[in-house]
>>> print(open('run.txt').read())   # compact mmCIF, C-alpha atoms
# COMPACT_ATOMS: atom_id res chain seq x y z
CA MET A 1 -12.57 22.76 16.85
CA SER A 2 -15.49 23.89 19.01
CA VAL A 3 -18.22 21.51 20.12
CA GLU A 4 -20.61 23.22 17.71
CA GLU A 5 -18.23 22.83 14.78
CA LYS A 6 -17.68 19.17 15.60
CA VAL A 7 -21.41 18.48 15.78
CA ILE A 8 -22.06 20.20 12.45
CA LYS A 9 -19.19 18.33 10.80
CA ILE A 10 -20.52 14.98 12.01
CA ILE A 11 -24.06 15.76 10.86
CA ALA A 12 -22.84 16.83 7.43
CA GLU A 13 -20.70 13.72 7.10
CA LYS A 14 -23.32 11.25 8.27
CA LEU A 15 -26.16 12.71 6.21
CA ASN A 16 -23.96 13.39 3.21
CA VAL A 17 -24.92 17.08 2.99
CA SER A 18 -22.77 20.22 2.92
CA GLU A 19 -22.03 21.98 6.19
CA ASP A 20 -23.90 25.07 4.88
CA GLN A 21 -27.11 23.06 4.86
CA VAL A 22 -26.71 22.13 8.51
CA LYS A 23 -28.55 25.19 9.86
CA PRO A 24 -29.89 25.19 13.44
CA GLU A 25 -33.53 25.11 12.34
CA ALA A 26 -33.00 22.28 9.83
CA SER A 27 -34.99 19.11 10.53
CA PHE A 28 -33.03 15.91 9.97
CA VAL A 29 -35.88 14.09 8.30
CA ASP A 30 -37.70 16.89 6.47
CA ASP A 31 -34.81 19.14 5.44
CA LEU A 32 -31.74 16.90 5.41
CA GLY A 33 -33.34 13.72 4.03
CA ALA A 34 -32.41 11.44 6.92
CA ASP A 35 -34.03 8.04 7.32
CA SER A 36 -34.43 6.18 10.61
CA LEU A 37 -31.10 4.39 10.32
CA ASP A 38 -29.34 7.71 9.56
CA LEU A 39 -30.70 9.02 12.86
CA VAL A 40 -29.37 5.97 14.72
CA GLU A 41 -25.98 6.41 13.07
CA LEU A 42 -25.97 10.09 14.02
CA VAL A 43 -26.67 9.25 17.64
CA MET A 44 -23.96 6.57 17.62
CA ALA A 45 -21.46 9.02 16.13
CA MET A 46 -22.27 11.64 18.79
CA GLU A 47 -21.90 9.03 21.52
CA GLU A 48 -18.50 8.07 20.17
CA GLU A 49 -17.24 11.61 19.61
CA PHE A 50 -18.32 12.96 22.98
CA GLY A 51 -17.97 9.78 25.07
CA MET A 52 -21.56 9.77 26.27
CA GLU A 53 -24.59 7.53 26.15
CA ILE A 54 -27.78 8.85 24.61
CA SER A 55 -30.87 6.81 25.52
CA ASP A 56 -33.51 5.96 22.91
CA GLU A 57 -36.02 8.21 24.71
CA GLU A 58 -33.65 11.16 24.57
CA ALA A 59 -32.64 10.40 20.99
CA GLU A 60 -36.26 10.54 19.85
CA LYS A 61 -36.48 14.18 20.93
CA LEU A 62 -33.54 15.21 18.75
CA ARG A 63 -35.33 16.29 15.59
CA THR A 64 -33.44 19.38 14.46
CA VAL A 65 -29.82 20.48 14.35
CA LYS A 66 -30.58 22.90 17.19
CA ASP A 67 -31.96 20.06 19.35
CA VAL A 68 -28.65 18.23 19.01
CA LEU A 69 -26.50 21.32 19.54
CA ASP A 70 -28.41 22.25 22.71
CA TYR A 71 -28.31 18.66 23.96
CA ILE A 72 -24.59 18.18 23.41
CA LYS A 73 -23.60 21.64 24.69
CA GLU A 74 -25.65 21.06 27.82
CA ARG A 75 -23.87 17.77 28.53
CA VAL A 76 -20.32 18.59 27.37
CA LYS A 77 -18.95 21.20 29.69
CA MET B 1 -8.51 -14.99 -9.54
CA GLU B 2 -9.00 -14.12 -5.92
CA LEU B 3 -12.65 -13.14 -5.40
CA LEU B 4 -12.07 -11.96 -1.85
CA LYS B 5 -8.60 -10.46 -2.05
CA ASP B 6 -7.72 -8.47 1.12
CA LYS B 7 -11.15 -8.99 2.70
CA VAL B 8 -11.56 -9.87 6.36
CA ALA B 9 -14.10 -12.48 7.45
CA LEU B 10 -15.47 -13.74 10.75
CA VAL B 11 -17.00 -17.22 10.70
CA THR B 12 -18.81 -18.46 13.81
CA GLY B 13 -18.68 -22.14 14.67
CA ALA B 14 -15.73 -22.52 12.34
CA SER B 15 -13.90 -25.43 13.97
CA ARG B 16 -15.92 -28.17 12.32
CA GLY B 17 -18.33 -29.10 9.57
CA ILE B 18 -19.73 -26.44 7.27
CA GLY B 19 -18.15 -23.61 9.28
CA ARG B 20 -14.72 -25.11 8.85
CA ALA B 21 -15.16 -25.47 5.08
CA VAL B 22 -16.49 -21.92 4.85
CA ALA B 23 -13.47 -20.54 6.74
CA VAL B 24 -11.04 -22.44 4.52
CA GLU B 25 -12.78 -21.58 1.24
CA LEU B 26 -12.98 -17.89 2.18
CA ALA B 27 -9.22 -18.01 2.80
CA ARG B 28 -8.66 -19.80 -0.51
CA ALA B 29 -10.56 -16.95 -2.18
CA GLY B 30 -8.13 -14.46 -0.62
CA ALA B 31 -9.69 -13.45 2.72
CA ASP B 32 -8.09 -13.29 6.15
CA VAL B 33 -10.33 -15.26 8.49
CA ALA B 34 -11.24 -15.03 12.16
CA VAL B 35 -12.11 -18.54 13.30
CA ASN B 36 -14.67 -18.56 16.09
CA TYR B 37 -15.25 -21.65 18.20
CA ALA B 38 -16.86 -22.39 21.54
CA VAL B 39 -15.49 -25.79 22.51
CA SER B 40 -13.21 -27.55 20.00
CA GLU B 41 -9.96 -25.68 20.47
CA GLU B 42 -7.71 -28.29 18.84
CA ALA B 43 -9.94 -28.48 15.77
CA ALA B 44 -10.04 -24.67 15.55
CA LYS B 45 -6.24 -24.52 15.66
CA GLU B 46 -6.10 -26.97 12.78
CA VAL B 47 -8.44 -24.75 10.76
CA ALA B 48 -6.20 -21.77 11.52
CA ARG B 49 -3.15 -23.71 10.34
CA GLU B 50 -4.93 -24.63 7.12
CA ILE B 51 -5.81 -20.98 6.50
CA GLU B 52 -2.20 -19.95 7.12
CA SER B 53 -0.95 -22.65 4.77
CA LEU B 54 -3.02 -20.91 2.09
CA GLY B 55 -1.02 -17.74 2.73
CA ARG B 56 -3.76 -15.91 4.59
CA ARG B 57 -3.93 -14.67 8.17
CA ALA B 58 -6.02 -16.55 10.71
CA PHE B 59 -7.19 -15.36 14.12
CA LEU B 60 -8.61 -17.75 16.70
CA VAL B 61 -11.41 -16.28 18.76
CA LYS B 62 -13.24 -18.29 21.38
CA PHE B 63 -16.71 -17.24 22.48
CA ASP B 64 -20.20 -18.64 22.98
CA VAL B 65 -22.38 -16.81 20.43
CA ALA B 66 -25.27 -16.85 22.91
CA ASP B 67 -23.31 -14.91 25.55
CA PRO B 68 -23.73 -11.14 24.91
CA SER B 69 -20.63 -9.88 26.73
CA ALA B 70 -18.41 -12.64 25.33
CA VAL B 71 -19.65 -11.82 21.80
CA ALA B 72 -18.92 -8.11 22.24
CA GLU B 73 -15.40 -8.83 23.52
CA GLY B 74 -14.70 -11.41 20.83
CA VAL B 75 -15.79 -9.17 17.96
CA LYS B 76 -13.73 -6.32 19.40
CA ALA B 77 -10.68 -8.59 19.53
CA VAL B 78 -11.14 -9.51 15.86
CA GLU B 79 -11.51 -5.86 14.85
CA GLU B 80 -8.37 -4.99 16.78
CA ALA B 81 -6.42 -7.85 15.18
CA PHE B 82 -7.60 -7.32 11.59
CA GLY B 83 -8.76 -3.68 11.61
CA ARG B 84 -12.28 -4.44 10.45
CA ILE B 85 -14.75 -7.18 9.47
CA ASP B 86 -16.00 -7.16 5.86
CA ILE B 87 -17.73 -10.53 5.85
CA LEU B 88 -19.71 -12.14 8.67
CA VAL B 89 -20.86 -15.74 8.40
CA ASN B 90 -23.29 -16.73 11.15
CA ASN B 91 -22.80 -20.46 11.04
CA ALA B 92 -22.66 -21.58 14.70
CA GLY B 93 -25.47 -24.04 15.29
CA ILE B 94 -26.45 -26.95 17.48
CA THR B 95 -29.17 -29.59 17.59
CA ARG B 96 -31.09 -30.96 20.57
CA ASP B 97 -33.51 -33.25 18.76
CA GLY B 98 -36.66 -34.72 20.23
CA LEU B 99 -40.37 -34.94 19.57
CA LEU B 100 -42.12 -31.78 20.71
CA VAL B 101 -44.45 -33.50 23.11
CA ARG B 102 -41.41 -34.67 25.09
CA MET B 103 -39.06 -31.76 24.42
CA LYS B 104 -37.48 -30.17 27.48
CA ASP B 105 -37.75 -26.41 27.79
CA GLU B 106 -33.98 -26.12 27.99
CA ASP B 107 -33.54 -28.03 24.73
CA TRP B 108 -35.84 -25.55 23.02
CA GLU B 109 -34.14 -22.57 24.61
CA ARG B 110 -30.55 -23.63 24.02
CA VAL B 111 -31.12 -24.30 20.32
CA LEU B 112 -32.91 -20.98 19.82
CA SER B 113 -30.22 -19.18 21.86
CA VAL B 114 -27.27 -20.48 19.88
CA ASN B 115 -28.79 -20.67 16.40
CA LEU B 116 -30.97 -17.55 16.34
CA LYS B 117 -30.09 -15.22 19.21
CA GLY B 118 -26.42 -15.97 18.50
CA ALA B 119 -26.80 -14.58 14.98
CA PHE B 120 -28.55 -11.50 16.40
CA LEU B 121 -25.81 -10.85 18.95
CA VAL B 122 -22.86 -11.31 16.60
CA THR B 123 -24.52 -9.30 13.83
CA LYS B 124 -25.31 -6.47 16.24
CA ALA B 125 -21.66 -6.34 17.32
CA VAL B 126 -20.30 -6.39 13.76
CA LEU B 127 -22.83 -4.07 12.08
CA PRO B 128 -21.66 -0.64 13.37
CA GLY B 129 -18.30 -1.05 11.64
CA MET B 130 -19.95 -2.14 8.40
CA MET B 131 -22.35 0.82 8.57
CA LYS B 132 -19.47 3.24 9.01
CA ARG B 133 -17.63 1.82 6.02
CA ARG B 134 -20.80 1.57 3.94
CA ASP B 135 -19.78 -1.93 3.01
CA GLY B 136 -20.42 -5.42 4.32
CA ARG B 137 -21.57 -8.94 3.63
CA ILE B 138 -23.61 -10.94 6.12
CA ILE B 139 -24.39 -14.57 5.33
CA ASN B 140 -26.51 -16.65 7.65
CA ILE B 141 -26.48 -20.42 7.47
CA SER B 142 -30.02 -21.83 7.63
CA SER B 143 -31.16 -25.32 6.67
CA VAL B 144 -33.48 -27.17 4.34
CA VAL B 145 -35.53 -28.15 7.41
CA ALA B 146 -36.55 -24.50 7.83
CA PHE B 147 -38.57 -25.04 4.65
CA SER B 148 -39.38 -28.76 4.62
CA GLY B 149 -39.81 -29.38 8.34
CA ASN B 150 -38.44 -32.47 10.04
CA PRO B 151 -40.00 -34.52 12.84
CA GLY B 152 -37.90 -34.25 15.99
CA GLN B 153 -36.48 -30.88 15.00
CA THR B 154 -39.16 -28.31 15.87
CA ASN B 155 -36.59 -26.28 17.80
CA TYR B 156 -33.89 -26.51 15.12
CA ALA B 157 -36.33 -25.83 12.26
CA ALA B 158 -37.82 -22.85 14.10
CA SER B 159 -34.36 -21.37 14.69
CA LYS B 160 -33.36 -21.89 11.05
CA ALA B 161 -36.62 -20.45 9.71
CA GLY B 162 -36.17 -17.56 12.13
CA LEU B 163 -32.86 -16.76 10.45
CA VAL B 164 -34.67 -16.32 7.13
CA GLY B 165 -37.07 -13.68 8.49
CA PHE B 166 -34.21 -12.08 10.40
CA SER B 167 -32.09 -11.85 7.28
CA ARG B 168 -34.80 -10.49 5.04
CA SER B 169 -35.71 -7.77 7.56
CA LEU B 170 -32.10 -6.78 8.22
CA ALA B 171 -31.46 -6.71 4.47
CA LEU B 172 -34.12 -3.98 4.19
CA GLU B 173 -32.70 -2.02 7.12
CA VAL B 174 -29.16 -1.84 5.75
CA ALA B 175 -29.72 -1.97 1.98
CA ARG B 176 -28.81 1.69 1.56
CA ARG B 177 -25.58 1.19 3.49
CA GLY B 178 -23.92 -1.07 0.94
CA ILE B 179 -24.44 -4.07 3.20
CA THR B 180 -26.07 -7.23 1.89
CA VAL B 181 -27.68 -9.91 4.03
CA ASN B 182 -28.35 -13.35 2.60
CA VAL B 183 -29.04 -16.90 3.65
CA VAL B 184 -27.53 -20.18 2.52
CA ALA B 185 -29.79 -23.16 3.21
CA PRO B 186 -27.88 -26.45 3.05
CA GLY B 187 -29.65 -29.76 2.52
CA TYR B 188 -28.21 -33.06 3.72
CA ILE B 189 -24.48 -32.41 4.12
CA GLU B 190 -21.75 -34.81 5.36
CA THR B 191 -20.79 -33.36 8.75
CA ASP B 192 -20.45 -34.49 12.36
CA MET B 193 -23.98 -33.17 12.89
CA THR B 194 -25.51 -35.51 10.32
CA ALA B 195 -23.10 -38.34 11.19
CA ALA B 196 -24.70 -38.31 14.64
CA LEU B 197 -28.04 -39.35 13.11
CA PRO B 198 -29.04 -43.02 13.44
CA GLU B 199 -28.00 -45.11 10.42
CA LYS B 200 -31.64 -45.69 9.42
CA ALA B 201 -32.49 -41.99 9.54
CA ARG B 202 -29.47 -41.21 7.37
CA GLU B 203 -30.43 -43.83 4.80
CA ALA B 204 -33.99 -42.51 4.72
CA LEU B 205 -32.72 -38.97 4.23
CA LEU B 206 -30.32 -39.99 1.51
CA SER B 207 -33.06 -41.83 -0.40
CA GLN B 208 -34.97 -38.55 -0.60
CA VAL B 209 -32.14 -36.59 -2.20
CA PRO B 210 -32.78 -36.35 -5.95
CA MET B 211 -29.06 -36.22 -6.66
CA GLY B 212 -28.69 -39.48 -4.75
CA ARG B 213 -25.83 -38.35 -2.54
CA ALA B 214 -25.09 -36.12 0.42
CA GLY B 215 -23.52 -32.74 -0.23
CA THR B 216 -20.05 -31.81 0.96
CA PRO B 217 -19.29 -28.89 3.29
CA GLU B 218 -17.20 -27.39 0.46
CA GLU B 219 -20.24 -27.29 -1.83
CA VAL B 220 -21.99 -25.14 0.77
CA ALA B 221 -18.87 -23.02 1.27
CA HIS B 222 -18.71 -22.17 -2.44
CA ALA B 223 -22.18 -20.60 -2.21
CA VAL B 224 -21.02 -18.55 0.76
CA VAL B 225 -17.89 -17.38 -1.10
CA PHE B 226 -20.07 -16.25 -4.01
CA LEU B 227 -22.46 -14.29 -1.77
CA ALA B 228 -19.48 -12.73 0.04
CA SER B 229 -17.90 -11.56 -3.21
CA ASP B 230 -18.45 -8.47 -5.36
CA LYS B 231 -20.07 -10.77 -7.91
CA ALA B 232 -23.14 -10.86 -5.64
CA SER B 233 -23.35 -7.08 -5.20
CA TYR B 234 -27.05 -6.78 -6.21
CA ILE B 235 -28.25 -9.81 -4.25
CA THR B 236 -29.75 -9.18 -0.83
CA GLY B 237 -32.47 -10.68 1.37
CA THR B 238 -32.44 -13.92 -0.57
CA VAL B 239 -32.01 -17.62 0.21
CA LEU B 240 -29.57 -19.71 -1.79
CA HIS B 241 -30.48 -23.40 -1.44
CA VAL B 242 -27.64 -25.88 -1.66
CA ASN B 243 -29.48 -29.15 -1.38
CA GLY B 244 -29.09 -31.40 -4.42
CA GLY B 245 -32.79 -30.96 -5.13
CA LEU B 246 -33.97 -32.03 -1.66
CA TRP B 247 -36.97 -30.00 -0.49
>>> encode(input="run.txt", output="structure tokens")
Amino acid sequence: MSVEEKVIKIIAEKLNVSEDQVKPEASFVDDLGADSLDLVELVMAMEEEFGMEISDEEAEKLRTVKDVLDYIKERVK
Amino acid sequence: MELLKDKVALVTGASRGIGRAVAVELARAGADVAVNYAVSEEAAKEVAREIESLGRRAFLVKFDVADPSAVAEGVKAVEEAFGRIDILVNNAGITRDGLLVRMKDEDWERVLSVNLKGAFLVTKAVLPGMMKRRDGRIINISSVVAFSGNPGQTNYAASKAGLVGFSRSLALEVARRGITVNVVAPGYIETDMTAALPEKAREALLSQVPMGRAGTPEEVAHAVVFLASDKASYITGTVLHVNGGLW
């Protein structure tokens, strides 16, 4: 499974939406119905899956699916 | 009927007093129990034996709830031994009584560290697993003095009242995750902690209890078992007083 596929799978699972809805431009809060704890869980799941630490400052900037994809792809080489 | 069949519980400060009764009653209701203690190893082993004699698994785990790295390691050890933690009872508590005007800074800090920060640290370590499973029960042991006040116990009362605000706020944070957070507030209960009070103070306390007697640790434990069970599935952020009418 590619990094992108993994990220999309995790987002779909954590936010309880279908993978089709996890489009790059989708906003977690506005389009996918995430609340603040969902966002924390998402960050924790990414940290676990990719063995990295994401600081609160960095996490705050991750608002859309594309933000997360770019962030993870940049750091997982 | 086993209310807590196949559940896994962690009870802090479970070697003596209310914590011990809670650990045993959870086991009697069907749960496997991790018995946390900081000092009393022999007493903790006895609790573990009692749990095993009820046909449940026990796991001894020693850590100071106020020590962040020890808490993280201890909780990890429990999760490795039992696979998960369904029920957390933050019971570990100490007293360092004295009138405020003479209270030492370290007596204030130690009581707040163990009783309040300890609950924060253990909860923080246990919560991620509960969030993932969308299921969990957190029960924090407060005290009647959080509500009534008690001269000589500003530190203890502040820590126990702090647990109430802590619990109500956390209940709101995790309500949508299938996790409930509640408080049990015991009144005057027969434990080592109250046995340490001067005879006169105990008599005075007892005379104020409408039921005319001290409560037993088991009577507190039964409230915890209820809140930990599926029977309490729609109860969160609340305080269950177990005090024989003492306010």
>>> closest_residue(input="run.txt", among="A:Leu37, A:Met46, A:Met52, A:Leu15", to="A:Leu69", atoms="all atoms listed in the file")
A:Met46
>>> residues_near_point(input="run.txt", point="(-23.9, -12.4, 20.4)", cutoff="12 Å", atoms="all atoms listed in the file", output="NGL selection string")
:B and (12 or 36 or 63-76 or 90 or 92 or 113-127)
>>> interface_residues(input="run.txt", of="chain B", to="chain A", cutoff="12 Å", atoms="all atoms listed in the file", output="ChimeraX atom specification")
/B:127-134,170,172-177
>>> residues_near_point(input="run.txt", point="(-29.2, 25.2, 12.2)", cutoff="9 Å", atoms="only C-alpha atoms", output="list in words")
Ile8, Gln21, Val22, Lys23, Pro24, Glu25, Ala26, Ser27, Thr64, Val65, Lys66 and Leu69 of chain A
>>> write_last_selection(input="run.txt", atoms="C-alpha atoms", output="PDB file, keeping the file's coordinate frame")
ATOM      1  CA  ILE A   8     -22.060  20.200  12.450  1.00  0.00           C
ATOM      2  CA  GLN A  21     -27.110  23.060   4.860  1.00  0.00           C
ATOM      3  CA  VAL A  22     -26.710  22.130   8.510  1.00  0.00           C
ATOM      4  CA  LYS A  23     -28.550  25.190   9.860  1.00  0.00           C
ATOM      5  CA  PRO A  24     -29.890  25.190  13.440  1.00  0.00           C
ATOM      6  CA  GLU A  25     -33.530  25.110  12.340  1.00  0.00           C
ATOM      7  CA  ALA A  26     -33.000  22.280   9.830  1.00  0.00           C
ATOM      8  CA  SER A  27     -34.990  19.110  10.530  1.00  0.00           C
ATOM      9  CA  THR A  64     -33.440  19.380  14.460  1.00  0.00           C
ATOM     10  CA  VAL A  65     -29.820  20.480  14.350  1.00  0.00           C
ATOM     11  CA  LYS A  66     -30.580  22.900  17.190  1.00  0.00           C
ATOM     12  CA  LEU A  69     -26.500  21.320  19.540  1.00  0.00           C
TER      13      LEU A  69
END
>>> residues_around(input="run.txt", residues="stretch 37-50 of chain B", least_positions_apart="3", cutoff="10 Å", atoms="all atoms listed in the file", output="PyMOL selection string")
chain B and resi 11-16+19-21+23-24+27-28+33-34+53-65+92
>>> residues_around(input="run.txt", residues="B:Ser159", least_positions_apart="6", cutoff="12 Å", atoms="all atoms listed in the file", output="MDAnalysis selection string")
chainID B and resid 92:96 108:120 140:147 149 153 165:166
>>> write_last_selection(input="run.txt", atoms="C-alpha atoms", output="PDB file, keeping the file's coordinate frame")
ATOM      1  CA  ALA B  92     -22.660 -21.580  14.700  1.00  0.00           C
ATOM      2  CA  GLY B  93     -25.470 -24.040  15.290  1.00  0.00           C
ATOM      3  CA  ILE B  94     -26.450 -26.950  17.480  1.00  0.00           C
ATOM      4  CA  THR B  95     -29.170 -29.590  17.590  1.00  0.00           C
ATOM      5  CA  ARG B  96     -31.090 -30.960  20.570  1.00  0.00           C
ATOM      6  CA  TRP B 108     -35.840 -25.550  23.020  1.00  0.00           C
ATOM      7  CA  GLU B 109     -34.140 -22.570  24.610  1.00  0.00           C
ATOM      8  CA  ARG B 110     -30.550 -23.630  24.020  1.00  0.00           C
ATOM      9  CA  VAL B 111     -31.120 -24.300  20.320  1.00  0.00           C
ATOM     10  CA  LEU B 112     -32.910 -20.980  19.820  1.00  0.00           C
ATOM     11  CA  SER B 113     -30.220 -19.180  21.860  1.00  0.00           C
ATOM     12  CA  VAL B 114     -27.270 -20.480  19.880  1.00  0.00           C
ATOM     13  CA  ASN B 115     -28.790 -20.670  16.400  1.00  0.00           C
ATOM     14  CA  LEU B 116     -30.970 -17.550  16.340  1.00  0.00           C
ATOM     15  CA  LYS B 117     -30.090 -15.220  19.210  1.00  0.00           C
ATOM     16  CA  GLY B 118     -26.420 -15.970  18.500  1.00  0.00           C
ATOM     17  CA  ALA B 119     -26.800 -14.580  14.980  1.00  0.00           C
ATOM     18  CA  PHE B 120     -28.550 -11.500  16.400  1.00  0.00           C
ATOM     19  CA  ASN B 140     -26.510 -16.650   7.650  1.00  0.00           C
ATOM     20  CA  ILE B 141     -26.480 -20.420   7.470  1.00  0.00           C
ATOM     21  CA  SER B 142     -30.020 -21.830   7.630  1.00  0.00           C
ATOM     22  CA  SER B 143     -31.160 -25.320   6.670  1.00  0.00           C
ATOM     23  CA  VAL B 144     -33.480 -27.170   4.340  1.00  0.00           C
ATOM     24  CA  VAL B 145     -35.530 -28.150   7.410  1.00  0.00           C
ATOM     25  CA  ALA B 146     -36.550 -24.500   7.830  1.00  0.00           C
ATOM     26  CA  PHE B 147     -38.570 -25.040   4.650  1.00  0.00           C
ATOM     27  CA  GLY B 149     -39.810 -29.380   8.340  1.00  0.00           C
ATOM     28  CA  GLN B 153     -36.480 -30.880  15.000  1.00  0.00           C
ATOM     29  CA  GLY B 165     -37.070 -13.680   8.490  1.00  0.00           C
ATOM     30  CA  PHE B 166     -34.210 -12.080  10.400  1.00  0.00           C
TER      31      PHE B 166
END
>>> axis_aligned_box(input="run.txt", around="stretch 13-22 of chain A", padding_each_side="8 Å", output="JSON")
{"center_x": -23.9, "center_y": 18.2, "center_z": 5.7, "size_x": 22.4, "size_y": 29.8, "size_z": 21.6}
>>> atom_distance(input="run.txt", atom1="atom CA of A:Phe28", atom2="atom CA of A:Arg63")
6.1 Å
>>> atom_distance(input="run.txt", atom1="atom CA of B:Glu219", atom2="atom CA of B:Val239")
15.4 Å
>>> atom_distance(input="run.txt", atom1="atom CA of B:Val184", atom2="atom CA of B:Arg137")
12.8 Å
>>> residues_around(input="run.txt", residues="B:Asp192", least_positions_apart="4", cutoff="10 Å", atoms="all atoms listed in the file", output="PyMOL selection string")
chain B and resi 16-18+196-197
>>> residues_around(input="run.txt", residues="B:Arg84", least_positions_apart="5", cutoff="8 Å", atoms="all atoms listed in the file", output="NGL selection string")
:B and (8 or 78-79 or 129)
>>> residues_around(input="run.txt", residues="A:Glu4", least_positions_apart="5", cutoff="9 Å", atoms="all atoms listed in the file", output="list in words")
Lys9, Leu69, Ile72 and Lys73 of chain A
>>> write_last_selection(input="run.txt", atoms="C-alpha atoms", output="compact mmCIF listing (two decimals), in the coordinates of the input")
# COMPACT_ATOMS: atom_id res chain seq x y z
CA LYS A 9 -19.19 18.33 10.80
CA LEU A 69 -26.50 21.32 19.54
CA ILE A 72 -24.59 18.18 23.41
CA LYS A 73 -23.60 21.64 24.69
>>> closest_residue(input="run.txt", among="A:Asn16, A:Val76, A:Lys6, A:Gly51", to="A:Gly33", atoms="all atoms listed in the file")
A:Asn16
